[in-house]
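Coordinates from coords_11.cif are shown below (mmCIF, C-alpha atoms).
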```cif
data_input
#
loop_
_atom_site.label_atom_id
_atom_site.label_comp_id
_atom_site.auth_asym_id
_atom_site.auth_seq_id
_atom_site.Cartn_x
_atom_site.Cartn_y
_atom_site.Cartn_z
CA TYR X 18 -52.47 -24.95 -12.86
CA ILE X 19 -50.42 -22.50 -10.82
CA SER X 20 -52.06 -19.27 -11.92
CA LYS X 21 -55.50 -20.85 -11.74
CA GLY X 22 -54.75 -22.14 -8.24
CA VAL X 23 -53.72 -18.68 -7.08
CA GLU X 24 -56.70 -17.04 -8.76
CA LEU X 25 -59.22 -19.48 -7.27
CA ASN X 26 -57.35 -19.85 -3.96
CA GLN X 27 -57.11 -23.62 -4.47
CA PRO X 28 -53.85 -25.11 -3.12
CA ARG X 29 -54.73 -28.48 -4.65
CA LEU X 30 -54.14 -27.03 -8.13
CA ILE X 31 -50.67 -25.86 -7.11
CA GLN X 32 -50.01 -29.31 -5.64
CA ARG X 33 -51.05 -30.83 -8.96
CA ALA X 34 -48.50 -28.68 -10.78
CA VAL X 35 -45.81 -29.76 -8.32
CA ARG X 36 -46.70 -33.43 -8.87
CA GLN X 37 -46.42 -32.97 -12.63
CA ASN X 38 -42.98 -31.47 -12.13
CA VAL X 39 -41.63 -35.01 -11.68
CA SER X 40 -42.28 -35.97 -15.30
CA ILE X 41 -41.16 -32.59 -16.65
CA ARG X 42 -37.84 -32.31 -14.82
CA LYS X 43 -36.56 -35.65 -16.13
CA PHE X 44 -36.45 -34.46 -19.73
CA VAL X 45 -36.12 -30.66 -19.65
CA THR X 46 -33.06 -29.18 -21.37
CA SER X 47 -31.19 -25.92 -21.07
CA GLU X 48 -32.80 -24.53 -24.22
CA GLN X 49 -36.28 -25.31 -22.96
CA LEU X 50 -35.57 -23.68 -19.59
CA GLN X 51 -34.27 -20.55 -21.29
CA LEU X 52 -37.34 -20.44 -23.51
CA LEU X 53 -39.60 -20.69 -20.45
CA LEU X 54 -37.72 -17.86 -18.77
CA LYS X 55 -38.09 -15.67 -21.86
CA LYS X 56 -41.78 -16.38 -22.05
CA TYR X 57 -42.88 -16.12 -18.41
CA ILE X 58 -40.35 -13.98 -16.51
CA PRO X 59 -40.22 -10.18 -16.99
CA ALA X 60 -36.89 -8.51 -17.75
CA ASN X 61 -37.00 -6.29 -14.66
CA LEU X 62 -37.14 -9.17 -12.17
CA SER X 63 -34.24 -9.15 -9.72
CA THR X 64 -33.57 -12.90 -9.90
CA LEU X 65 -33.77 -13.21 -13.69
CA THR X 66 -30.01 -13.04 -14.27
CA VAL X 67 -29.39 -15.76 -11.68
CA MET X 68 -32.09 -17.94 -13.24
CA ILE X 69 -30.64 -17.50 -16.74
CA ASP X 70 -27.08 -18.21 -15.55
CA LEU X 71 -28.19 -21.39 -13.80
CA ALA X 72 -30.33 -22.50 -16.75
CA GLU X 73 -27.32 -22.12 -19.04
CA LYS X 74 -25.34 -24.51 -16.84
CA VAL X 75 -27.85 -27.31 -17.41
CA PRO X 76 -26.56 -29.48 -20.26
CA VAL X 77 -28.25 -28.97 -23.62
CA GLN X 78 -28.91 -32.67 -24.07
CA VAL X 79 -30.78 -34.76 -21.54
CA SER X 80 -28.44 -37.09 -19.69
CA ALA X 81 -28.52 -40.75 -20.68
CA TYR X 82 -29.62 -42.16 -17.33
CA SER X 83 -32.81 -40.12 -17.30
CA VAL X 84 -33.78 -41.03 -20.87
CA ALA X 85 -33.26 -44.78 -21.06
CA SER X 86 -32.52 -47.57 -18.69
CA PRO X 87 -29.04 -49.15 -18.77
CA GLY X 88 -28.63 -51.47 -21.71
CA ASP X 89 -31.21 -49.70 -23.89
CA SER X 90 -28.68 -47.97 -26.16
CA GLU X 91 -30.87 -48.49 -29.24
CA GLU X 92 -33.81 -46.69 -27.61
CA LYS X 93 -31.66 -43.79 -26.40
CA ASP X 94 -31.33 -42.34 -29.91
CA ALA X 95 -35.06 -42.59 -30.51
CA MET X 96 -35.78 -40.83 -27.22
CA ASP X 97 -33.33 -38.02 -27.98
CA VAL X 98 -35.13 -37.21 -31.20
CA VAL X 99 -38.42 -36.81 -29.38
CA HIS X 100 -37.02 -34.20 -27.00
CA ASP X 101 -34.92 -32.13 -29.43
CA ALA X 102 -37.60 -29.59 -30.29
CA VAL X 103 -39.67 -27.38 -28.03
CA PRO X 104 -43.27 -27.37 -29.20
CA VAL X 105 -44.40 -23.87 -30.09
CA VAL X 106 -47.85 -23.29 -31.53
CA ALA X 107 -47.69 -20.63 -34.19
CA PRO X 108 -50.54 -18.78 -35.90
CA THR X 109 -51.37 -20.12 -39.32
CA ASP X 110 -51.73 -16.77 -41.08
CA THR X 111 -48.00 -15.94 -41.16
CA THR X 112 -44.79 -17.71 -42.12
CA GLU X 113 -42.34 -16.16 -39.65
CA ASP X 114 -39.95 -18.23 -37.58
CA ALA X 115 -41.53 -20.01 -34.59
CA ASP X 116 -39.19 -18.30 -32.08
CA ALA X 117 -40.55 -14.90 -33.14
CA TYR X 118 -43.90 -15.71 -31.53
CA ILE X 119 -42.38 -15.68 -28.08
CA ALA X 120 -41.01 -12.19 -27.62
CA PRO X 121 -38.15 -12.02 -25.15
CA HIS X 122 -39.51 -11.17 -21.71
CA SER X 123 -42.93 -10.37 -23.14
CA VAL X 124 -44.70 -10.24 -19.76
CA ALA X 125 -44.90 -7.19 -17.54
CA SER X 126 -45.24 -9.04 -14.24
CA VAL X 127 -45.21 -12.57 -12.92
CA LEU X 128 -46.90 -14.30 -10.04
CA PRO X 129 -44.42 -15.23 -7.31
CA GLU X 130 -45.75 -18.79 -7.53
CA VAL X 131 -44.84 -19.06 -11.21
CA GLU X 132 -41.39 -17.61 -10.55
CA THR X 133 -40.84 -20.05 -7.70
CA TYR X 134 -42.05 -23.01 -9.78
CA LEU X 135 -39.66 -22.19 -12.63
CA PHE X 136 -36.80 -21.64 -10.20
CA THR X 137 -37.42 -25.03 -8.56
CA LEU X 138 -37.52 -26.62 -12.01
CA ILE X 139 -34.07 -25.16 -12.71
CA ILE X 140 -32.75 -26.35 -9.35
CA THR X 141 -34.05 -29.89 -9.86
CA SER X 142 -32.46 -29.96 -13.31
CA LEU X 143 -29.14 -28.93 -11.78
CA LEU X 144 -29.47 -31.63 -9.12
CA ARG X 145 -30.30 -34.21 -11.80
CA GLU X 146 -27.07 -33.36 -13.61
CA LYS X 147 -25.04 -33.51 -10.36
CA LEU X 148 -24.28 -29.76 -10.42
CA ASN X 149 -24.71 -29.59 -6.66
CA ASN X 150 -22.79 -26.35 -5.97
CA GLU X 151 -24.85 -24.46 -8.53
CA ALA X 152 -28.04 -26.00 -7.14
CA ALA X 153 -27.07 -24.90 -3.62
CA TYR X 154 -26.46 -21.35 -4.84
CA GLY X 155 -29.76 -21.29 -6.72
CA ALA X 156 -31.67 -22.70 -3.76
CA THR X 157 -30.17 -20.04 -1.51
CA VAL X 158 -31.24 -17.27 -3.88
CA LEU X 159 -34.71 -18.82 -4.18
CA VAL X 160 -35.21 -19.09 -0.41
CA ASP X 161 -34.07 -15.49 0.06
CA ARG X 162 -36.59 -14.45 -2.61
CA ILE X 163 -39.40 -16.46 -0.99
CA LYS X 164 -38.74 -14.78 2.36
CA SER X 165 -39.75 -11.45 0.81
CA PHE X 166 -43.29 -12.72 0.20
CA ASN X 167 -46.07 -13.47 2.68
CA ARG X 168 -48.53 -15.51 0.65
CA ARG X 169 -50.29 -18.66 1.71
CA SER X 170 -50.47 -19.79 -1.90
CA LEU X 171 -46.67 -20.08 -1.87
CA ASP X 172 -46.62 -22.62 0.97
CA VAL X 173 -46.46 -25.74 -1.22
CA LEU X 174 -43.74 -24.31 -3.43
CA SER X 175 -41.87 -22.88 -0.43
CA ALA X 176 -41.75 -26.33 1.14
CA LYS X 177 -40.15 -27.68 -2.05
CA ALA X 178 -37.67 -24.80 -2.11
CA TYR X 179 -36.59 -25.45 1.47
CA PHE X 180 -36.30 -29.18 0.71
CA TYR X 181 -34.05 -28.49 -2.30
CA LEU X 182 -31.99 -26.07 -0.20
CA SER X 183 -31.46 -28.75 2.43
CA LEU X 184 -30.76 -31.47 -0.16
CA SER X 185 -28.27 -29.42 -2.18
CA PHE X 186 -26.30 -28.35 0.91
CA ASP X 187 -26.33 -31.93 2.15
CA LEU X 188 -24.95 -33.16 -1.19
CA ILE X 189 -22.02 -30.73 -1.02
CA GLN X 190 -21.31 -31.73 2.61
CA ARG X 191 -22.19 -28.31 4.05
CA ALA X 192 -25.47 -29.05 5.83
CA GLN X 193 -24.34 -27.14 8.93
CA GLN X 194 -24.39 -23.86 6.97
CA VAL X 195 -28.09 -24.16 6.16
CA ARG X 196 -29.20 -25.14 9.67
CA PRO X 197 -29.87 -21.54 10.89
CA THR X 198 -32.03 -20.87 7.84
CA LEU X 199 -34.08 -23.99 8.39
CA LEU X 200 -34.45 -23.40 12.14
CA GLY X 201 -35.57 -19.82 11.49
CA LEU X 202 -38.81 -20.95 9.82
#
```
What does the file become when written as structure tokens?
Amino acid sequence: YISKGVELNQPRLIQRAVRQNVSIRKFVTSEQLQLLLKKYIPANLSTLTVMIDLAEKVPVQVSAYSVASPGDSEEKDAMDVVHDAVPVVAPTDTTEDADAYIAPHSVASVLPEVETYLFTLIITSLLREKLNNEAAYGATVLVDRIKSFNRRSLDVLSAKAYFYLSLSFDLIQRAQQVRPTLLGL
């Protein structure tokens, strides 16, 4: 939805992608985030190393409270099995390993909206796992990156980035440090 929204200049498509982020961020794992970064983010991007480092800090397994409600210990194991594998569609004419179809950093460039969306997905995953200091660092890097762009199509994602910046600094009891950034909008 994001690239189509930018291409057609339709903010409602970007908003749709942000709304779907709610269901994605509850179950995304570190391996899946790293796979997304390999597939959609070019190797020469300045924030790639930060994104990879933060994605590695997300636990490999989805935490128990986001998978099943308390008292559903029998269903927890069934839910874990569903989310162990990342679906990769492979061509049928070859028998190579599925990971070989996604070449590391196979794209030459990326839309700032896609980069911002993936970065916010990483930050929300860190917040879900109570890694608030890492989320605050990632949100700071993301907001600094967003400031370098002047695109109206980034407005919806920028609002989310500033919200996560404020939330993460509030959770680590350092909300006063982010006040000048928020007042400078």
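Distances here use only C-alpha atoms; by that measure, the residue among X:Ile19, X:Leu148, X:Ile58, X:Ile69 closest to Arg36 (chain X) is X:Ile19.
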Point-to-point distance from CA of Val75 (chain X) to CA of Ser47 (chain X), Å rounded to tenths: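 CA of Ser47 (chain X) lies at a distance of 5.1 Å from CA of Val75 (chain X).
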Residues matched by the PyMOL selection byres ((chain X and resi 170) around 7), written as a list in words: Val23, Pro28, Arg168, Arg169, Leu171 and Asp172 of chain X
All residues 8 Å or closer to region 131-144 of chain X, all atoms listed in the file, same chain fewer than 2 positions away omitted, as number ranges by chain: X: 19-20, 35, 38, 42-43, 45, 50, 53-54, 58, 68, 71-72, 74-75, 127-129, 146-149, 151-152, 155-156, 159, 163, 174-175, 177-178, 181, 185
Interatomic distance, CA of Gly22 (chain X) to CA of Glu130 (chain X) (Å, one decimal):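 That distance, rounded to one decimal, is 9.6 Å.
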Distance in Å - CA of Pro59 (chain X) versus CA of Thr46 (chain X):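 Separating CA of Pro59 (chain X) from CA of Thr46 (chain X) is a distance of 20.8 Å.
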Pick from X:Arg29, X:Arg145, X:Lys55, X:Arg162, whichever lies nearest to Leu184 (chain X) using only C-alpha atoms: X:Arg145
Residue nearest Phe186 (chain X) among X:Thr64, X:Thr198, X:Asn150, X:Gln27 (counting all atoms listed in the file):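 Checking each of X:Thr64, X:Thr198, X:Asn150, X:Gln27 against Phe186 (chain X), counting all atoms listed in the file, the winner is X:Asn150.
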Find the smallest box with edges along x, y and z containing every listed atom of region 143-162 of chain X, then add 8 Å on each side and report centre and edge lengths in Å to one decimal, as AutoDock Vina command-line options.
```
--center_x -29.7 --center_y -24.3 --center_z -6.8 --size_x 29.8 --size_y 35.8 --size_z 29.7
```
